[in-house]
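Asker: For reference, this is run15.txt, and it has compact mmCIF, C-alpha atoms.
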# COMPACT_ATOMS: atom_id res chain seq x y z
CA MET A 1 98.99 98.57 101.71
CA ARG A 2 95.63 96.93 101.17
CA HIS A 3 94.16 94.78 103.87
CA VAL A 4 91.57 92.27 102.69
CA PHE A 5 89.23 90.49 105.10
CA VAL A 6 87.35 87.39 104.05
CA CYS A 7 84.45 86.18 106.17
CA THR A 8 85.20 82.64 107.18
CA THR A 9 83.23 81.36 110.14
CA GLU A 10 85.38 78.29 110.33
CA TYR A 11 88.25 80.45 111.54
CA GLY A 12 86.16 82.32 114.07
CA ASP A 13 84.86 81.54 117.51
CA HIS A 14 81.21 81.41 116.53
CA TRP A 15 80.90 77.65 116.60
CA THR A 16 77.41 77.24 117.86
CA LYS A 17 75.83 73.83 117.89
CA THR A 18 73.75 74.67 114.85
CA ILE A 19 76.78 75.53 112.83
CA ALA A 20 78.57 72.43 113.99
CA LYS A 21 75.62 70.31 112.96
CA LYS A 22 75.52 71.90 109.54
CA ALA A 23 79.27 71.49 109.24
CA ALA A 24 78.91 67.80 109.91
CA GLN A 25 76.29 67.53 107.20
CA VAL A 26 78.46 69.33 104.69
CA ALA A 27 81.48 67.31 105.68
CA ALA A 28 79.59 64.04 105.29
CA MET A 29 78.58 64.78 101.69
CA ASN A 30 80.21 62.88 98.89
CA PRO A 31 82.88 64.84 97.01
CA GLU A 32 80.76 65.59 93.92
CA ASP A 33 77.90 67.05 95.92
CA ARG A 34 80.25 69.10 98.03
CA ALA A 35 82.01 70.47 94.97
CA LYS A 36 78.64 71.43 93.53
CA LEU A 37 77.71 73.17 96.77
CA LEU A 38 80.99 75.04 96.85
CA SER A 39 80.71 76.34 93.30
CA GLY A 40 77.01 77.18 93.30
CA PRO A 41 75.45 80.57 94.12
CA ALA A 42 74.50 81.13 97.74
CA GLU A 43 70.73 81.29 97.26
CA GLU A 44 70.33 77.80 95.88
CA HIS A 45 70.92 76.05 99.15
CA ALA A 46 69.52 78.69 101.41
CA ASP A 47 66.90 76.72 103.35
CA GLY A 48 66.00 79.50 105.75
CA HIS A 49 69.31 80.88 106.80
CA ARG A 50 72.16 81.64 104.56
CA GLY A 51 74.31 82.57 107.51
CA LEU A 52 76.26 79.39 107.37
CA HIS A 53 77.46 79.86 103.90
CA CYS A 54 80.35 82.22 104.34
CA GLY A 55 82.31 79.75 106.41
CA LEU A 56 81.10 76.44 105.15
CA THR A 57 80.87 76.97 101.44
CA LEU A 58 82.58 80.06 100.14
CA GLY A 59 84.70 81.82 102.73
CA GLY A 60 87.46 79.30 103.24
CA GLY A 61 87.72 78.71 99.51
CA ILE A 62 87.99 82.41 98.76
CA TYR A 63 90.66 82.84 101.39
CA GLU A 64 92.76 80.01 100.01
CA MET A 65 92.24 81.22 96.45
CA TYR A 66 93.33 84.78 97.31
CA GLN A 67 96.43 83.52 99.05
CA GLN A 68 97.44 81.32 96.16
CA ARG A 69 96.72 83.85 93.45
CA LEU A 70 98.51 86.70 95.22
CA GLN A 71 101.53 84.55 95.87
CA ALA A 72 101.58 83.37 92.28
CA ALA A 73 101.37 86.98 91.07
CA GLY A 74 104.17 87.97 93.44
CA ILE A 75 102.14 90.72 95.09
CA SER A 76 103.45 91.41 98.56
CA ASP A 77 101.72 94.64 99.58
CA VAL A 78 98.37 93.00 100.27
CA VAL A 79 97.49 91.35 103.56
CA VAL A 80 94.67 88.83 103.49
CA SER A 81 93.07 87.93 106.81
CA PRO A 82 90.32 85.51 107.64
CA ASN A 83 87.82 87.16 109.94
CA ALA A 84 84.92 85.83 111.91
CA CYS A 85 81.29 86.83 111.86
CA ILE A 86 80.36 90.44 111.09
CA ALA A 87 76.63 89.66 111.20
CA GLN A 88 75.96 90.07 107.49
CA HIS A 89 75.01 86.44 107.02
CA ALA A 90 72.00 87.15 104.88
CA TYR A 91 74.14 88.44 102.07
CA GLY A 92 76.43 85.48 101.78
CA CYS A 93 80.16 85.90 102.14
CA VAL A 94 81.37 89.46 102.67
CA VAL A 95 84.83 90.55 101.58
CA MET A 96 86.03 93.79 103.15
CA ILE A 97 88.83 95.85 101.69
CA TYR A 98 90.56 98.50 103.76
CA PRO A 99 91.67 101.31 103.69
CA ASP A 100 89.31 101.77 100.73
CA GLY A 101 86.49 100.94 103.12
CA ILE A 102 84.46 98.84 100.72
CA TRP A 103 82.51 95.72 101.65
CA TYR A 104 81.63 93.37 98.81
CA ARG A 105 78.94 90.77 98.86
CA ILE A 106 80.14 87.60 97.23
CA ARG A 107 77.55 85.17 95.92
CA GLU A 108 79.78 82.86 93.98
CA MET A 109 83.41 82.17 93.23
CA ALA A 110 83.35 84.23 90.00
CA ASP A 111 82.49 87.34 92.05
CA ALA A 112 85.48 86.74 94.28
CA GLU A 113 87.76 86.45 91.27
CA LYS A 114 86.35 89.66 89.82
CA VAL A 115 87.06 91.50 93.09
CA LEU A 116 90.58 90.10 93.17
CA GLU A 117 91.41 91.08 89.61
CA GLN A 118 89.68 94.44 89.45
CA HIS A 119 90.06 95.82 92.95
CA ILE A 120 92.79 94.05 94.90
CA ILE A 121 95.19 93.87 91.98
CA GLY A 122 93.82 96.53 89.63
CA GLY A 123 92.74 99.09 92.22
CA LYS A 124 89.31 99.82 90.74
CA PRO A 125 86.23 99.12 92.86
CA VAL A 126 83.70 96.69 91.38
CA LYS A 127 80.55 98.78 91.57
CA GLU A 128 77.94 96.09 91.03
CA LEU A 129 79.16 93.95 93.91
CA ILE A 130 79.43 96.66 96.57
CA HIS A 131 77.51 95.82 99.71
CA ARG A 132 78.40 98.72 102.02
CA THR A 133 80.89 101.54 102.00
CA VAL A 134 82.56 102.69 105.19
CA ASN A 135 83.10 106.35 106.00
CA PRO A 136 86.56 107.49 104.87
CA PRO A 137 89.05 108.36 107.61
CA THR A 138 88.61 111.92 108.89
CA GLY A 139 91.95 112.11 110.67
CA LYS A 140 90.16 113.07 113.85
CA GLY A 141 88.87 111.08 116.76
CA VAL A 142 85.33 110.26 117.74
CA GLN A 143 83.16 112.89 119.37
CA ALA A 144 82.45 111.61 122.85
CA PRO A 145 78.76 111.42 123.67
CA PRO A 146 77.57 113.81 126.39
CA ALA A 147 77.68 112.51 129.93
CA ARG A 148 74.56 110.87 131.17
CA GLN A 149 72.45 112.84 133.60
CA PRO A 150 72.17 111.15 136.98
CA VAL A 151 68.70 109.84 137.63
CA ALA A 152 66.95 111.71 140.40
CA SER A 153 65.77 109.31 143.02
CA MET B 1 61.54 79.25 117.92
CA ALA B 2 61.77 77.87 114.42
CA ASN B 3 65.53 77.99 114.27
CA ASP B 4 68.35 79.09 116.50
CA HIS B 5 69.55 81.73 114.09
CA GLU B 6 66.42 83.73 113.57
CA TYR B 7 68.43 86.91 113.26
CA CYS B 8 70.26 85.55 110.24
CA VAL B 9 67.18 85.02 108.14
CA ALA B 10 67.63 86.97 104.95
CA GLN B 11 64.32 88.78 104.94
CA ALA B 12 64.88 90.53 108.24
CA TRP B 13 68.13 92.05 107.02
CA GLU B 14 66.97 92.90 103.53
CA ASP B 15 64.20 95.07 104.97
CA THR B 16 66.54 96.91 107.30
CA PRO B 17 67.96 100.17 105.92
CA PRO B 18 71.76 100.19 106.03
CA LYS B 19 72.09 102.45 109.05
CA LEU B 20 74.56 100.14 110.68
CA LEU B 21 77.60 101.98 109.44
CA ASP B 22 76.35 105.57 109.44
CA LYS B 23 78.33 106.68 112.45
CA LEU B 24 81.21 104.28 112.05
CA ARG B 25 84.62 105.88 112.45
CA PHE B 26 86.91 103.02 113.48
CA HIS B 27 86.63 99.37 112.59
CA ILE B 28 88.91 97.37 114.88
CA PHE B 29 89.98 93.82 114.09
CA LEU B 30 91.48 91.83 116.95
CA CYS B 31 93.51 88.72 116.38
CA THR B 32 91.88 85.71 118.00
CA ASP B 33 94.07 83.02 116.62
CA GLY B 34 93.52 79.87 118.57
CA LYS B 35 96.24 78.05 116.69
CA ASP B 36 99.10 79.75 118.46
CA PHE B 37 101.53 80.53 115.74
CA CYS B 38 101.35 84.22 116.54
CA GLY B 39 101.74 85.19 120.15
CA CYS B 40 98.28 86.65 120.51
CA GLU B 41 96.52 83.83 122.31
CA ALA B 42 99.38 83.32 124.76
CA ASN B 43 99.60 87.03 125.58
CA GLY B 44 96.02 87.52 126.60
CA ASN B 45 93.97 88.62 123.60
CA GLY B 46 90.84 87.45 125.41
CA ALA B 47 91.39 89.89 128.24
CA LEU B 48 92.21 92.68 125.79
CA SER B 49 89.12 92.00 123.71
CA GLY B 50 86.92 91.96 126.81
CA ALA B 51 88.41 95.15 128.18
CA LEU B 52 88.10 96.93 124.84
CA ARG B 53 84.46 96.05 124.33
CA GLN B 54 83.61 96.83 127.95
CA GLU B 55 85.32 100.20 127.88
CA LEU B 56 83.69 101.16 124.56
CA ALA B 57 80.29 100.18 125.91
CA ARG B 58 80.89 102.10 129.12
CA ARG B 59 81.75 105.25 127.18
CA ARG B 60 78.87 104.67 124.75
CA LEU B 61 81.08 104.56 121.67
CA MET B 62 79.74 101.34 120.18
CA ALA B 63 78.06 103.09 117.25
CA SER B 64 81.26 104.73 116.09
CA VAL B 65 83.67 101.92 116.88
CA LYS B 66 83.05 98.39 115.70
CA VAL B 67 85.11 95.52 117.08
CA ASN B 68 85.45 92.27 115.14
CA VAL B 69 87.88 89.42 115.20
CA MET B 70 90.33 88.09 112.64
CA GLN B 71 93.55 86.16 112.43
CA CYS B 72 96.58 88.38 112.14
CA ARG B 73 98.96 85.90 110.46
CA GLN B 74 101.91 87.77 111.89
CA PRO B 75 104.17 85.05 113.27
CA GLY B 76 106.82 86.11 115.72
CA THR B 77 105.10 89.20 117.06
CA ALA B 78 104.74 89.65 120.79
CA GLY B 79 101.40 90.25 122.36
CA PRO B 80 97.92 90.54 121.01
CA VAL B 81 97.81 92.18 117.60
CA PHE B 82 94.97 94.36 116.44
CA VAL B 83 94.47 96.72 113.55
CA VAL B 84 92.44 99.91 113.45
CA HIS B 85 90.82 100.58 110.09
CA PRO B 86 90.21 102.52 107.88
CA ASP B 87 93.39 104.27 109.04
CA GLY B 88 95.32 100.99 108.91
CA VAL B 89 97.15 101.38 112.22
CA TRP B 90 98.58 98.13 113.57
CA TYR B 91 99.08 97.62 117.28
CA SER B 92 100.89 94.94 119.20
CA GLY B 93 101.60 94.21 122.83
CA MET B 94 98.78 96.18 124.39
CA ARG B 95 97.39 94.84 127.64
CA ALA B 96 93.94 95.15 129.13
CA GLU B 97 95.09 97.89 131.51
CA ASP B 98 96.25 100.05 128.57
CA VAL B 99 92.83 100.14 126.96
CA PRO B 100 91.64 103.39 128.63
CA ALA B 101 94.80 105.14 127.39
CA PHE B 102 94.22 103.79 123.87
CA ILE B 103 90.64 105.03 123.85
CA GLU B 104 91.60 108.45 125.19
CA GLU B 105 94.48 108.94 122.76
CA HIS B 106 93.42 107.19 119.57
CA VAL B 107 89.67 106.75 119.56
CA LEU B 108 88.83 110.14 121.08
CA GLY B 109 92.02 112.04 120.36
CA GLY B 110 92.67 110.70 116.87
CA LYS B 111 96.39 110.13 117.39
CA PRO B 112 97.90 106.61 117.36
CA VAL B 113 99.55 105.47 120.59
CA GLU B 114 103.21 105.43 119.57
CA ARG B 115 104.50 102.97 122.12
CA PHE B 116 102.25 100.13 121.03
CA LEU B 117 102.60 100.42 117.25
CA LEU B 118 103.55 97.27 115.38
CA ARG B 119 106.71 98.28 113.56
CA ASP B 120 107.72 95.22 111.57
CA LEU B 121 104.49 94.37 109.81
CA LYS B 122 105.03 91.34 107.65
CA PRO B 123 103.13 91.70 104.40
CA VAL B 124 102.65 87.99 103.97
CA THR B 125 99.63 86.42 102.39
CA ALA B 126 100.34 82.92 103.67
CA VAL B 127 101.87 81.18 106.64
CA PRO B 128 105.40 80.13 105.76
CA ALA B 129 105.68 76.36 105.52
CA HIS B 130 108.25 75.93 108.27
CA ILE B 131 106.18 77.96 110.74
CA ALA B 132 103.02 76.10 109.82
CA GLU B 133 104.81 72.82 110.44
CA ALA B 134 106.39 73.96 113.69
CA ALA B 135 103.11 75.26 115.04
CA ASP B 136 101.33 72.20 113.69
CA CYS B 137 98.41 74.38 112.81
CA CYS B 138 97.65 74.10 109.18
CA ALA B 139 98.94 70.60 108.63
CA GLU B 140 96.05 69.16 110.60
CA LYS B 141 93.36 68.37 108.06
CA LEU B 142 90.65 65.99 109.18
CA THR B 143 88.80 63.90 106.65
CA PRO B 144 85.03 64.38 106.56
CA GLU B 145 84.49 61.10 108.41
CA GLN B 146 86.90 62.17 111.16
CA GLN B 147 85.15 65.56 111.43
CA VAL B 148 81.78 63.91 111.86
CA ALA B 149 83.22 61.55 114.46
CA ALA B 150 84.83 64.43 116.34
CA LEU B 151 81.61 66.45 116.34
CA ALA B 152 79.57 63.46 117.45
CA ALA B 153 82.02 62.76 120.27
CA GLY B 154 81.86 66.37 121.43
CA ARG B 155 78.08 66.43 121.75
What is this structure when it is put down as structure tokens?

Answerer:
Amino acid sequence: MRHVFVCTTEYGDHWTKTIAKKAAQVAAMNPEDRAKLLSGPAEEHADGHRGLHCGLTLGGGIYEMYQQRLQAAGISDVVVSPNACIAQHAYGCVVMIYPDGIWYRIREMADAEKVLEQHIIGGKPVKELIHRTVNPPTGKGVQAPPARQPVAS
Amino acid sequence: MANDHEYCVAQAWEDTPPKLLDKLRFHIFLCTDGKDFCGCEANGNGALSGALRQELARRRLMASVKVNVMQCRQPGTAGPVFVVHPDGVWYSGMRAEDVPAFIEEHVLGGKPVERFLLRDLKPVTAVPAHIAEAADCCAEKLTPEQQVAALAAGR
């Protein structure tokens, strides 16, 4: 069973004042401007830090879209979870797919749809969107680091 | 400081080689659902999360085990839910005092802790409507004006 994580700060606990302020700005926009912001690529409205964009512009939309599309397609062996910050803000929204261990960087909605169709439904990784790959499971545990030597006083 | 999120600035990350995940073996996602339709918040996920991070740090395993938060969307389960990837092992009902056992058996030993496994995983992609209504979680949608007012009142 595939488990898909979509970065959505709005669901997380990382509500700093800066994010809240930005959220208020986005929320106060008129509908046309907000729609434009939601559909545009992440770089266009970067202004210094793109970290806010997973939650405020793309993340929530991707999460809703995945839910709706998977339900419409009648696919029940995929779990989609919203997750909070994984500190990859600079790359825009990150979608992680386990157990394949692939992190995608999503710049715009079209990328998210491509990942859904090709990977989540089709099972083939989308090479050009891969952000990081995670080591495959080894079946063994972690090697414990050696014990620290006591400091001589 | 120019902005509060200096570490998020794109340039700093783009220059960094992707060594972050070199040693990663387990990626743990804990449910931190504040909306209370799963039982995680009520059963002490905060304590579990704290204990887990503390114990991993104490044993110096932070490079091989990454802990992040998510929402489990598993209504009706008891206790805090978390999932260990890339193996895809779901746990439920673990308490803070069980964390050392979990680290010994699963993280170091490589074998899932049988007694805490989540058996009836619900492969849902959405919150069922009746649960959403009962929990009053997803029905609450503020208009932009209300959001601004709420944020202004909170400051």

Asker: Compare A:Ile106, A:Val115, A:Val4, A:Ile86 by their minimum atom-to-atom distance to chain B, counting all atoms listed in the file, and give me the closest one.

Answerer: A:Ile86

Asker: For chain A, which residue out of B:Val107, B:Val89, B:Cys38, B:Val83 is the nearest one, using all atoms listed in the file?

Answerer: B:Val107

Asker: Can you work out which one of B:Ala42, B:Ala101, B:Val67, B:Leu108 has the shortest atom-to-atom distance to chain A, counting only C-alpha atoms?

Answerer: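 Of all the options, B:Leu108 lies closest to chain A.
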
Asker: Using only C-alpha atoms, which protein or nucleic acid residues come within 12 Å of Met62 (chain B)? Drop anything in the same chain fewer than 3 positions from it, and give the result as a count of residues only.

Answerer: 24

Asker: Figure out the distance between CA of Trp90 (chain B) and CA of Val6 (chain A), please, to one decimal in Å.

Answerer: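 Spanning CA of Val6 (chain A) to CA of Trp90 (chain B) is a straight-line distance of 18.2 Å.
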
Asker: When you draw a straight line from CA of Arg60 (chain B) to CA of Thr32 (chain B), how long is it in Å?

Answerer: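 Result for CA of Arg60 (chain B) versus CA of Thr32 (chain B): 24.0 Å, one decimal.
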
Asker: In Å, rounded to a single decimal, give me how far CA of Pro99 (chain A) is from CA of Val126 (chain A).

Answerer: 15.4 Å

Asker: Closest to chain B among A:His119, A:Arg148, A:Arg105, A:Lys127, using all atoms listed in the file?

Answerer: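 Using all atoms listed in the file, the shortest distance to chain B belongs to A:Arg148.
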
Asker: Give me, as a PyMOL selection string, all polymer residues having an atom no more than 12 Å from His106 (chain B), counting only C-alpha atoms and skipping those fewer than 5 positions away in the same chain.

Answerer: (chain A and resi 139-143) or (chain B and resi 25-26+28+65+84-85+87+89+91+98-101+111-114+116-117)

Asker: Check the smallest atom-to-atom distance from each of A:Val94, A:Leu129, A:Gln67, A:Gly123 to chain B using all atoms listed in the file, then report the winner.

Answerer: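 Using all atoms listed in the file, the shortest distance to chain B belongs to A:Gln67.
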
Asker: What's the 8 Å shell around Leu30 (chain B), counting all atoms listed in the file, without same-chain residues fewer than 4 positions away, as a PyMOL selection string?

Answerer: chain B and resi 45+49+67-72+80-83

Asker: Using only C-alpha atoms, pick whichever of A:Gly61, A:Gly122, A:Pro137, A:Gly74 has the shortest atom-to-atom distance to Cys93 (chain A).

Answerer: A:Gly61

Asker: Return the padded bounding box of region 78-87 of chain B as lines of an AutoDock Vina configuration file: axis-aligned, built from all atoms listed in the file, 6 Å added on each side, with centre and edge lengths in Å to one decimal.

Answerer:
center_x = 97.5
center_y = 97.0
center_z = 115.1
size_x = 26.5
size_y = 26.6
size_z = 26.5

Asker: Determine, counting all atoms listed in the file, which protein, DNA and RNA residues have an atom within 12 Å of an atom of Ile120 (chain A); residues of the same chain fewer than 6 positions away are not included. Present the result as a PyMOL selection string.

Answerer: chain A and resi 1-5+66-67+69-70+73+75-80+95-100+102+104+112-114+126
